[in-house]
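Visitor: Structure below; questions to follow.
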Amino acid sequence: KNGTNGPMRVLVTGGTGLVGRAIEHVVKEEGGAREGEEWIFLSSKDANLMDMGETRAVFQKHQPTHIIHLAAMVGGLFKNMRANLDFWRNNIYINDNVLQAAHEVDAVRVVSCLSTCIFPDKTTYPIDETMIHNGPPHESNYGYAYAKRMIDVHNRCKHGRCYTAVIPTNVFGPHDNFNIEDGHVLPGLIHKAYIAQKEGSPLVVWGTGTPRRQFIYSLDLARLFLWVLREYHEVDPIILSVGEEDEVSIKEAAEAVVEALGFKGQVTYDTTKADGQFKKTASNAKLLRYHPNFTFTPFKQALKQTCDWFVANYDNARK
Ligand code: NAP
Ligand code: GFB
């Protein structure tokens, strides 16, 4: 049962989200699963993980040997700025319940999910895995960032089993949350450009367009998640991101969306809206040391696939 030699039974919390759907695709369509393995993808309907009773019940039911813990209250800059306290409390509940439930079924491994936005706002660059607790995060997502940091604290307090976490940079791809008010920048721009094209109105980019971001395609992240689950055995978290050299400005990201969607209208910038963190440039040197031949999908190709998915699935997309 303990999974190290017996079959793996992997429970994916947050299995119906952007990252969860990508892992499900890699597991089911790209031969990501191995002989005899069982993969279970949870949605909040299976258990509200903010409730310890429901969390314990779903863990008792599945008796997982391994857990990929994705479930969280997630949102872009503007949703974080509106709901900092909820991001703090909801994620603290979810994370403590899931990690405690994993402990109670004596799971062999838990791989949780942090984010490059949780690093200190005042820092040197490039940011690396050793810097997580070296100072307060950017105030725009203060609650979310501290809740995520507590996962790392929990992992370091846990002995006997190796519970770890990955630190993705901004993720995008099919099945994202395209809601304009709550979502992240790329799905927000895709949705706004789609509407602007239909209405013949300008695409309004929020902020100055000067902040800088690294974007990882959800399917690349999913492939890396499987590699971490099988091959990475340290408590220390590992950054999963494209390189520093792949960092783009929000303006360049908007222009890439315009190109990927074939938007023909005008692009304007609403500088009354916040810019958030200017940059959070992360190093992926540790990933490349451990997994030297991993190749990322080129950004423009990944963005085109995401736009095509959105247009083809507009009616059912989360927006
Ligand atoms: P997402 O698309 O918003 O999906 C969130 C998932 O969590 C959904 O499956 C949702 O279930 C589930 N969930 C939310 N609240 C829950 C609750 N109370 N009980 C049970 N399940 C709950 O998020 P995502 O972008 O895939 O993010 C996945 C992980 O990656 C998160 O830990 C996030 O912090 C991390 N991350 C994301 C980004 C990014 O740019 N997106 C960047 C870095 C790190 P339902 O579908 O039923 O609502
Ligand atoms: O993805 P995003 O919302 O979050 O990006 P962060 C915000 C940046 O994109 C700001 C600009 O500079 C915005 O001014 N922007 C331009 C837009 N147009 C838009 C738009 O239509 N929608 C959005 N959302 N932004 C988040 C954290 O920071 O990073 C979260 O707050 C999470 O906690 C996420 O970790 C990965 O990258 O700024």
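Letters A, B, ... go to the chains of the structure tokens in the order shown; residues in each chain start at 1; ligands are counted from 1 in the same order.
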Which protein, DNA or RNA residues have an atom within 7 Å of ligand 1, counting only C-alpha atoms and all ligand atoms, as number ranges by chain?
Guide: A: 13-20, 42-45, 47-50, 69-75, 94, 113-116, 167-172, 176-177, 184
Visitor: Please identify all polymer residues within 12 Å of Arg82 of chain A, counting only C-alpha atoms, omitting same-chain residues fewer than 2 positions from it, and present them as a PDB file with C-alpha atoms, in the first residue's frame.
Guide:
```
ATOM      1  CA  GLY A  75      -7.237  34.681  -9.230  1.00  0.00           C
ATOM      2  CA  GLY A  76      -5.419  37.441 -11.039  1.00  0.00           C
ATOM      3  CA  LEU A  77      -4.098  40.705  -9.653  1.00  0.00           C
ATOM      4  CA  PHE A  78      -7.493  42.431  -9.430  1.00  0.00           C
ATOM      5  CA  LYS A  79      -9.341  39.591  -7.695  1.00  0.00           C
ATOM      6  CA  ASN A  80      -6.469  39.349  -5.209  1.00  0.00           C
ATOM      7  CA  ASN A  84      -7.001  39.500   0.176  1.00  0.00           C
ATOM      8  CA  LEU A  85      -8.568  38.204   3.403  1.00  0.00           C
ATOM      9  CA  ASP A  86     -10.530  35.429   1.656  1.00  0.00           C
ATOM     10  CA  PHE A  87      -7.407  34.379  -0.231  1.00  0.00           C
ATOM     11  CA  GLU A 139       0.900  43.743  -0.985  1.00  0.00           C
ATOM     12  CA  SER A 140      -1.496  43.043  -3.907  1.00  0.00           C
ATOM     13  CA  ASN A 141      -1.565  39.329  -3.077  1.00  0.00           C
ATOM     14  CA  TYR A 142      -0.337  39.402   0.551  1.00  0.00           C
ATOM     15  CA  GLY A 143      -2.954  36.946   1.856  1.00  0.00           C
ATOM     16  CA  TYR A 144      -2.553  34.414  -0.932  1.00  0.00           C
ATOM     17  CA  GLU A 181     -12.625  40.703 -13.595  1.00  0.00           C
ATOM     18  CA  ASP A 182     -11.217  37.699 -11.708  1.00  0.00           C
TER      19      ASP A 182
END
```
Visitor: Nearest to Ser241 of chain A among A:Val205, A:Leu229, A:Met81, A:Ile127, with distances taken over only C-alpha atoms: which residue is it?
Guide: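 With only C-alpha atoms as the atom set, the closest residue is A:Ile127.
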Visitor: Using only C-alpha atoms, which residue out of A:Ile239, A:Lys251, A:Leu186, A:Ile92 lies closest to His154 of chain A?
Guide: A:Ile92
Visitor: From the list A:His62, A:His159, A:His233, A:Lys273, which residue is nearest Tyr290 of chain A when using only C-alpha atoms?
Guide: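 Selected residue with least distance to Tyr290 of chain A: A:His233.
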Visitor: Could you pull out the strand (DSSP E or B) residues of segment 141-182 of chain A, going by DSSP on the backbone, and write them as a PyMOL selection string?
Guide: chain A and resi 162-168+170-172+177
Visitor: Which one of A:Ile180, A:Ala317, A:Ala312, A:Ile238 sits closest to ligand 2 if you count only C-alpha atoms and all ligand atoms?
Guide: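 Among the listed residues, A:Ile180 lies closest to ligand 2.
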